[in-house]
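Source file: structure_10.tsv; contents: TSV, C-alpha atoms and all ligand atoms.
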```
chain	number	residue	atom	x	y	z
A	1	MET	CA	17.22	-7.74	-3.53
A	2	ARG	CA	16.89	-3.97	-3.61
A	3	LEU	CA	17.14	-2.57	-7.10
A	4	ILE	CA	16.63	0.72	-8.88
A	5	PHE	CA	15.65	1.07	-12.53
A	6	LEU	CA	17.08	4.18	-14.11
A	7	GLY	CA	16.63	5.48	-17.65
A	8	PRO	CA	14.83	8.12	-19.68
A	9	PRO	CA	11.06	8.08	-20.18
A	10	GLY	CA	10.17	5.43	-22.76
A	11	ALA	CA	13.25	3.28	-22.07
A	12	GLY	CA	11.09	0.38	-20.87
A	13	LYS	CA	11.66	0.74	-17.12
A	14	GLY	CA	8.04	-0.03	-16.28
A	15	THR	CA	7.74	-3.11	-18.49
A	16	GLN	CA	11.10	-4.57	-17.48
A	17	SER	CA	10.88	-3.82	-13.78
A	18	GLN	CA	7.42	-5.38	-13.63
A	19	LYS	CA	8.69	-8.52	-15.36
A	20	LEU	CA	11.74	-8.75	-13.09
A	21	ALA	CA	9.68	-8.11	-9.94
A	22	GLU	CA	7.40	-11.02	-10.89
A	23	SER	CA	10.33	-13.33	-11.51
A	24	LEU	CA	12.08	-12.39	-8.25
A	25	GLY	CA	8.85	-12.40	-6.20
A	26	ILE	CA	9.35	-8.88	-4.88
A	27	PRO	CA	7.18	-5.78	-5.40
A	28	GLN	CA	7.71	-3.23	-8.14
A	29	VAL	CA	7.39	0.22	-6.61
A	30	SER	CA	6.51	2.64	-9.39
A	31	THR	CA	6.16	6.24	-8.29
A	32	GLY	CA	4.52	7.10	-11.65
A	33	ASP	CA	1.82	4.42	-11.10
A	34	MET	CA	1.28	5.50	-7.49
A	35	LEU	CA	0.85	9.11	-8.56
A	36	ARG	CA	-1.46	8.24	-11.48
A	37	GLN	CA	-3.63	6.22	-9.11
A	38	ALA	CA	-3.77	9.16	-6.68
A	39	VAL	CA	-4.74	11.48	-9.55
A	40	ALA	CA	-7.48	9.08	-10.73
A	41	GLN	CA	-8.86	8.79	-7.19
A	42	LYS	CA	-8.64	12.57	-6.70
A	43	THR	CA	-6.85	12.18	-3.36
A	44	PRO	CA	-5.10	15.26	-1.86
A	45	LEU	CA	-1.77	13.86	-3.17
A	46	GLY	CA	-3.31	13.42	-6.60
A	47	GLU	CA	-4.64	16.97	-6.65
A	48	VAL	CA	-1.14	18.33	-5.91
A	49	ALA	CA	0.65	15.98	-8.33
A	50	ARG	CA	-1.64	16.40	-11.34
A	51	GLY	CA	-0.35	19.77	-12.55
A	52	TYR	CA	3.29	18.76	-12.33
A	53	MET	CA	2.64	15.49	-14.16
A	54	GLU	CA	0.56	16.98	-16.96
A	55	SER	CA	3.23	19.57	-17.69
A	56	GLY	CA	5.96	16.91	-17.79
A	57	GLY	CA	7.75	18.33	-14.74
A	58	LEU	CA	8.68	16.57	-11.51
A	59	VAL	CA	6.57	16.38	-8.38
A	60	PRO	CA	8.50	18.08	-5.51
A	61	ASP	CA	11.15	15.93	-3.82
A	62	ASP	CA	9.70	16.06	-0.29
A	63	ILE	CA	6.32	14.71	-1.47
A	64	ILE	CA	7.87	11.86	-3.45
A	65	VAL	CA	10.39	10.95	-0.76
A	66	GLY	CA	7.50	10.78	1.73
A	67	ILE	CA	5.43	8.35	-0.31
A	68	VAL	CA	8.37	6.11	-1.20
A	69	SER	CA	9.69	5.96	2.40
A	70	GLU	CA	6.24	4.91	3.58
A	71	ARG	CA	5.85	2.34	0.81
A	72	ILE	CA	9.19	0.56	1.31
A	73	GLN	CA	8.51	0.10	5.01
A	74	LYS	CA	5.50	-2.10	4.25
A	75	ASP	CA	5.77	-5.83	5.01
A	76	ASP	CA	5.82	-6.91	1.35
A	77	CYS	CA	9.08	-4.96	0.87
A	78	ALA	CA	10.92	-6.78	3.65
A	79	LYS	CA	12.77	-9.10	1.23
A	80	GLY	CA	13.44	-6.37	-1.30
A	81	TYR	CA	11.81	-4.30	-4.03
A	82	ILE	CA	12.42	-2.67	-7.37
A	83	LEU	CA	12.14	1.10	-7.53
A	84	ASP	CA	10.83	2.21	-10.91
A	85	GLY	CA	10.97	5.96	-11.55
A	86	PHE	CA	12.56	6.82	-8.23
A	87	PRO	CA	14.95	8.46	-7.46
A	88	ARG	CA	14.77	11.07	-10.20
A	89	THR	CA	16.95	13.77	-8.64
A	90	VAL	CA	20.17	13.74	-6.64
A	91	VAL	CA	18.24	15.01	-3.60
A	92	GLN	CA	15.90	12.01	-3.83
A	93	ALA	CA	18.88	9.64	-4.13
A	94	GLU	CA	20.53	11.17	-1.06
A	95	LYS	CA	17.31	10.86	0.94
A	96	LEU	CA	17.00	7.23	-0.11
A	97	ASP	CA	20.58	6.59	0.99
A	98	GLU	CA	19.79	8.11	4.38
A	99	ALA	CA	16.65	6.00	4.80
A	100	LEU	CA	18.54	2.82	3.84
A	101	ARG	CA	21.41	3.65	6.14
A	102	SER	CA	19.16	4.13	9.13
A	103	ALA	CA	17.37	0.84	8.35
A	104	ARG	CA	20.81	-0.85	7.96
A	105	GLU	CA	19.94	-1.87	4.43
A	106	HIS	CA	21.69	-1.38	1.11
A	107	LEU	CA	20.99	-1.31	-2.62
A	108	ASP	CA	22.18	-4.30	-4.65
A	109	ALA	CA	22.30	-2.67	-8.09
A	110	VAL	CA	21.03	0.14	-10.27
A	111	VAL	CA	19.95	-0.96	-13.74
A	112	ASN	CA	20.50	1.86	-16.22
A	113	ILE	CA	18.60	1.31	-19.47
A	114	VAL	CA	20.51	3.06	-22.25
A	115	ILE	CA	18.66	4.11	-25.40
A	116	GLU	CA	18.77	6.84	-28.06
A	117	GLU	CA	16.44	9.82	-27.87
A	118	GLU	CA	14.98	9.27	-31.37
A	119	GLU	CA	13.79	5.81	-30.34
A	120	LEU	CA	12.29	7.19	-27.11
A	121	VAL	CA	10.15	9.69	-29.01
A	122	ARG	CA	8.93	6.92	-31.35
A	123	ARG	CA	8.05	4.69	-28.43
A	124	LEU	CA	6.30	7.32	-26.35
A	125	SER	CA	4.21	8.67	-29.21
A	126	GLY	CA	2.85	5.17	-29.96
A	127	ARG	CA	2.42	4.08	-26.37
A	128	ARG	CA	-1.03	3.17	-25.08
A	129	VAL	CA	-1.82	2.12	-21.53
A	130	CYS	CA	-4.76	0.29	-20.01
A	131	GLU	CA	-6.65	2.76	-17.86
A	132	ALA	CA	-7.65	-0.06	-15.50
A	133	CYS	CA	-4.49	-2.17	-14.94
A	134	GLN	CA	-1.78	0.15	-16.42
A	135	ARG	CA	-0.42	-2.52	-18.76
A	136	ALA	CA	1.52	-0.88	-21.60
A	137	TYR	CA	1.15	-1.47	-25.36
A	138	HIS	CA	2.57	0.11	-28.50
A	139	VAL	CA	0.44	0.70	-31.59
A	140	SER	CA	2.97	-0.88	-33.95
A	141	THR	CA	5.36	-3.05	-31.94
A	142	SER	CA	3.15	-4.57	-29.24
A	143	ALA	CA	-0.46	-3.87	-30.14
A	144	SER	CA	-3.29	-5.48	-28.17
A	145	LYS	CA	-5.13	-8.33	-29.93
A	146	GLN	CA	-8.35	-6.35	-30.11
A	147	GLY	CA	-7.60	-2.72	-30.89
A	148	GLY	CA	-8.14	-0.35	-27.98
A	149	VAL	CA	-8.87	-3.12	-25.46
A	150	CYS	CA	-6.44	-4.56	-22.88
A	151	ASP	CA	-5.57	-8.25	-23.44
A	152	ALA	CA	-5.13	-8.80	-19.71
A	153	CYS	CA	-8.25	-7.23	-18.19
A	154	GLY	CA	-10.47	-5.91	-20.99
A	155	GLY	CA	-9.91	-2.28	-19.88
A	156	ARG	CA	-9.80	0.64	-22.31
A	157	LEU	CA	-6.42	1.59	-23.82
A	158	VAL	CA	-5.64	5.30	-23.70
A	159	THR	CA	-2.75	7.67	-24.47
A	160	ARG	CA	-1.26	9.01	-21.26
A	161	ALA	CA	-1.76	12.78	-21.01
A	162	ASP	CA	1.98	13.20	-20.56
A	163	ASP	CA	2.79	11.21	-23.72
A	164	GLU	CA	1.53	14.07	-25.94
A	165	ALA	CA	4.32	15.38	-28.20
A	166	GLY	CA	5.05	18.70	-26.43
A	167	THR	CA	5.08	17.08	-22.99
A	168	VAL	CA	7.39	14.30	-24.17
A	169	ARG	CA	9.99	16.92	-25.12
A	170	THR	CA	9.72	18.50	-21.66
A	171	ARG	CA	10.05	15.10	-19.96
A	172	LEU	CA	13.19	14.28	-21.95
A	173	GLU	CA	14.67	17.64	-21.02
A	174	VAL	CA	13.80	17.11	-17.35
A	175	TYR	CA	15.50	13.71	-17.57
A	176	ARG	CA	18.66	15.22	-19.08
A	177	ASN	CA	18.87	18.05	-16.55
A	178	GLN	CA	17.66	16.49	-13.31
A	179	THR	CA	17.80	12.69	-13.55
A	180	SER	CA	20.82	11.85	-15.73
A	181	PRO	CA	23.30	13.05	-13.03
A	182	LEU	CA	22.21	9.92	-11.12
A	183	VAL	CA	24.09	7.79	-13.65
A	184	GLN	CA	27.35	9.23	-12.36
A	185	TYR	CA	26.10	9.21	-8.76
A	186	TYR	CA	25.52	5.44	-8.81
A	187	ARG	CA	28.51	4.68	-11.04
A	188	GLN	CA	30.76	6.20	-8.39
A	189	LYS	CA	29.19	3.91	-5.83
A	190	GLY	CA	29.96	0.89	-8.03
A	191	LEU	CA	26.26	0.02	-8.33
A	192	LEU	CA	25.51	0.96	-11.93
A	193	ARG	CA	24.76	-1.73	-14.53
A	194	ASP	CA	24.34	-0.31	-18.04
A	195	VAL	CA	21.93	-2.31	-20.18
A	196	GLU	CA	21.26	-1.71	-23.88
A	197	GLY	CA	17.50	-0.98	-24.17
A	198	ILE	CA	17.09	-1.75	-27.89
A	199	GLY	CA	15.61	-5.11	-28.99
A	200	SER	CA	12.67	-7.28	-27.98
A	201	ILE	CA	11.29	-7.21	-24.43
A	202	GLN	CA	12.77	-10.69	-23.92
A	203	ASP	CA	16.23	-9.70	-25.22
A	204	VAL	CA	16.41	-6.70	-22.90
A	205	PHE	CA	15.12	-8.81	-20.02
A	206	SER	CA	17.89	-11.40	-20.54
A	207	ARG	CA	20.50	-8.62	-20.53
A	208	ILE	CA	19.08	-7.26	-17.29
A	209	ASN	CA	19.19	-10.67	-15.63
A	210	LYS	CA	22.82	-11.10	-16.64
A	211	ALA	CA	23.68	-7.59	-15.48
A	212	ILE	CA	22.24	-8.02	-11.98
A	213	THR	CA	23.76	-11.42	-11.36
A	214	ARG	CA	27.32	-10.46	-12.27
A	215	GLN	CA	29.46	-8.51	-9.84
A	216	GLY	CA	29.89	-4.86	-10.75
A	217	SER	CA	32.84	-4.33	-13.08
A	218	ASP	CA	32.64	-0.62	-12.47
A	219	ASN	CA	33.61	-0.55	-8.83
A	220	PRO	CA	35.72	2.56	-8.24
A	301	LIG	P1	6.66	7.86	-14.95
A	301	LIG	O1	5.47	6.99	-15.12
A	301	LIG	O2	7.72	7.24	-14.09
A	301	LIG	O3	7.19	8.38	-16.26
A	301	LIG	O4	6.17	9.15	-14.12
A	301	LIG	C1	5.16	10.02	-14.63
A	301	LIG	C2	5.26	11.38	-13.96
A	301	LIG	O5	5.10	11.26	-12.54
A	301	LIG	C3	6.60	12.09	-14.13
A	301	LIG	O6	6.72	12.77	-15.36
A	301	LIG	C4	6.57	13.04	-12.92
A	301	LIG	O7	5.73	14.14	-13.15
A	301	LIG	C5	5.94	12.17	-11.84
A	301	LIG	N1	6.96	11.40	-11.10
A	301	LIG	C6	7.12	10.05	-11.08
A	301	LIG	N2	8.16	9.69	-10.30
A	301	LIG	C7	8.67	10.84	-9.80
A	301	LIG	C8	9.78	11.16	-8.95
A	301	LIG	N3	10.56	10.19	-8.45
A	301	LIG	N4	10.01	12.47	-8.67
A	301	LIG	C9	9.23	13.45	-9.16
A	301	LIG	N5	8.19	13.23	-9.98
A	301	LIG	C10	7.90	11.93	-10.31
```

Can you dump the structure from the file as structure tokens?
Amino acid sequence: MRLIFLGPPGAGKGTQSQKLAESLGIPQVSTGDMLRQAVAQKTPLGEVARGYMESGGLVPDDIIVGIVSERIQKDDCAKGYILDGFPRTVVQAEKLDEALRSAREHLDAVVNIVIEEEELVRRLSGRRVCEACQRAYHVSTSASKQGGVCDACGGRLVTRADDEAGTVRTRLEVYRNQTSPLVQYYRQKGLLRDVEGIGSIQDVFSRINKAITRQGSDNP
């Protein structure tokens, strides 16, 4: 299965796509995680990406398209994958379509997590991530058992640089201007599955499973 997870920052794309990837036995391809890893390792990609990420802007399309195209050609993606955080612009979506077409492959669905902006700000400002394994927590709704320490690997929990208040506003604006047109783009293709993002992780996960197993009701 080839899926895309779409939605504003803080909607739960990372958490849900990771859970779904595990249950389907296919990789989760998160461009945000790939970039953060490159930044942490100070690779040439990381050095270029850092400034864009810290300001809340987008890394240029050609760079992102390059890393995703390379990643989805790896053996572990042969049976499918979940793209988390990509595409984020219409140009990226068109490039992905081209790459799929030339590989004679197609997308199965685009999960669009729908959630109000007020809730996104609340979530992002309380979000903490493990600096070692990237697992996400929230200070009030899903805190780690031992404050500041990851339950899964014992790593240190930190606030992502781009979750600071000013940057969050920029990221939401970037989503509205550059990424939200993809909702219409995929709706027109009959691939979009809207899923309400409010509720427990398990509730949202059940909705996603239902949404991807039913045939699209929004075929044009
Ligand atoms: P995320 O973890 O998906 O919120 O991504 C964190 C940051 O990485 C974003 O705010 C962007 O700066 C950058 N980024 C991730 N995915 C993309 C993409 N598809 N296109 C451009 N920039 C991206």

(request) Using all atoms listed in the file, determine which residues fall within 8 Å of ligand LIG 301 (chain A), then list them as number ranges by chain. (result) A: 9-10, 14, 30-33, 35-36, 49-50, 52-61, 64-65, 84-89, 92, 162, 171

(message) For a quick check of understanding, using only C-alpha atoms, which of A:Ile63, A:Leu100, A:Leu20, A:Ile26 has the smallest distance to Pro44 of chain A?
(response)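 Result for the nearest residue to Pro44 of chain A: A:Ile63.
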
(request) Please indicate the distance in Å from atom CA of Arg176 of chain A to atom CA of Gly197 of chain A, rounded to one decimal place. (result)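 Computed distance, atom CA of Arg176 of chain A to atom CA of Gly197 of chain A, equals 17.0 Å.
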
Skipping near chain neighbours, those fewer than 6 positions away, what residues fall within 12 Å of Cys133 of chain A using only C-alpha atoms, listed as an mmCIF file with C-alpha atoms, keeping the file's coordinate frame?
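Okay, this is what ended up in result-v3.cif:
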```cif
data_model
loop_
_atom_site.group_PDB
_atom_site.id
_atom_site.type_symbol
_atom_site.label_atom_id
_atom_site.label_comp_id
_atom_site.auth_asym_id
_atom_site.auth_seq_id
_atom_site.Cartn_x
_atom_site.Cartn_y
_atom_site.Cartn_z
ATOM 1 C CA ASP A 33 1.820 4.420 -11.100
ATOM 2 C CA ARG A 36 -1.460 8.240 -11.480
ATOM 3 C CA GLN A 37 -3.630 6.220 -9.110
ATOM 4 C CA VAL A 149 -8.870 -3.120 -25.460
ATOM 5 C CA CYS A 150 -6.440 -4.560 -22.880
ATOM 6 C CA ASP A 151 -5.570 -8.250 -23.440
ATOM 7 C CA ALA A 152 -5.130 -8.800 -19.710
ATOM 8 C CA CYS A 153 -8.250 -7.230 -18.190
ATOM 9 C CA GLY A 154 -10.470 -5.910 -20.990
ATOM 10 C CA GLY A 155 -9.910 -2.280 -19.880
ATOM 11 C CA ARG A 156 -9.800 0.640 -22.310
ATOM 12 C CA LEU A 157 -6.420 1.590 -23.820
ATOM 13 C CA VAL A 158 -5.640 5.300 -23.700
#
```

(request) Using all atoms listed in the file, find the one residue out of A:Leu120, A:Lys79, A:Arg104, A:Ser69 that sits nearest to Leu24 of chain A. (result)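 Ranked by minimum distance to Leu24 of chain A, first place goes to A:Lys79.
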
(request) Tell me, in Å to one decimal, how far atom CA of Thr159 of chain A is from atom CA of Ala132 of chain A. (result)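 Between atom CA of Thr159 of chain A and atom CA of Ala132 of chain A the gap works out to 12.8 Å.
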
(request) Check the smallest atom-to-atom distance from each of A:Ile212, A:Leu182, A:Leu6, A:Ile198 to Val91 of chain A using all atoms listed in the file, then report the winner. (result) A:Leu182

(request) Point out the residue among A:Thr15, A:Gln184, A:Gln28, A:Thr43 with the least atom-to-atom distance to His138 of chain A, counting all atoms listed in the file. (result)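 Comparing A:Thr15, A:Gln184, A:Gln28, A:Thr43 against His138 of chain A, the winner is A:Thr15.
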
(request) Find the distance between atom CA of Val111 of chain A and atom CA of Val183 of chain A and write it in Å to one decimal. (result) 9.7 Å

(message) Calculated over all atoms listed in the file, which of the candidates A:Asn177, A:Ser125, A:Ser17, A:Ser142 has the smallest distance to Tyr81 of chain A?
(response)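 Result for the nearest residue to Tyr81 of chain A: A:Ser17.
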
(request) Check the smallest atom-to-atom distance from each of A:Asp75, A:Gly148, A:Arg193, A:Ala165 to Glu131 of chain A using all atoms listed in the file, then report the winner. (result)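 Under the stated criterion, the closest residue is A:Gly148.
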
(request) Name the residues in contact with Ala99 of chain A at a cut-off of 12 Å, using all atoms listed in the file, excluding same-chain residues fewer than 4 positions from it; report them as a VMD selection string. (result) chain A and resid 65 to 66 68 to 70 72 to 73 92 to 95 103 to 107

Can I get the selection written as a PDB file, keeping the file's coordinate frame, with C-alpha atoms?
```pdb
ATOM      1  CA  VAL A  65      10.390  10.950  -0.760  1.00  0.00           C
ATOM      2  CA  GLY A  66       7.500  10.780   1.730  1.00  0.00           C
ATOM      3  CA  VAL A  68       8.370   6.110  -1.200  1.00  0.00           C
ATOM      4  CA  SER A  69       9.690   5.960   2.400  1.00  0.00           C
ATOM      5  CA  GLU A  70       6.240   4.910   3.580  1.00  0.00           C
ATOM      6  CA  ILE A  72       9.190   0.560   1.310  1.00  0.00           C
ATOM      7  CA  GLN A  73       8.510   0.100   5.010  1.00  0.00           C
ATOM      8  CA  GLN A  92      15.900  12.010  -3.830  1.00  0.00           C
ATOM      9  CA  ALA A  93      18.880   9.640  -4.130  1.00  0.00           C
ATOM     10  CA  GLU A  94      20.530  11.170  -1.060  1.00  0.00           C
ATOM     11  CA  LYS A  95      17.310  10.860   0.940  1.00  0.00           C
ATOM     12  CA  ALA A 103      17.370   0.840   8.350  1.00  0.00           C
ATOM     13  CA  ARG A 104      20.810  -0.850   7.960  1.00  0.00           C
ATOM     14  CA  GLU A 105      19.940  -1.870   4.430  1.00  0.00           C
ATOM     15  CA  HIS A 106      21.690  -1.380   1.110  1.00  0.00           C
ATOM     16  CA  LEU A 107      20.990  -1.310  -2.620  1.00  0.00           C
TER      17      LEU A 107
END
```

(message) Applying 9 Å and only C-alpha atoms, which residues near Thr141 of chain A remain after dropping the ones on its own chain fewer than 3 positions away? List them as a list in words.
(response)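 Returned residues: Arg123, Gly126, Tyr137 and His138 of chain A.
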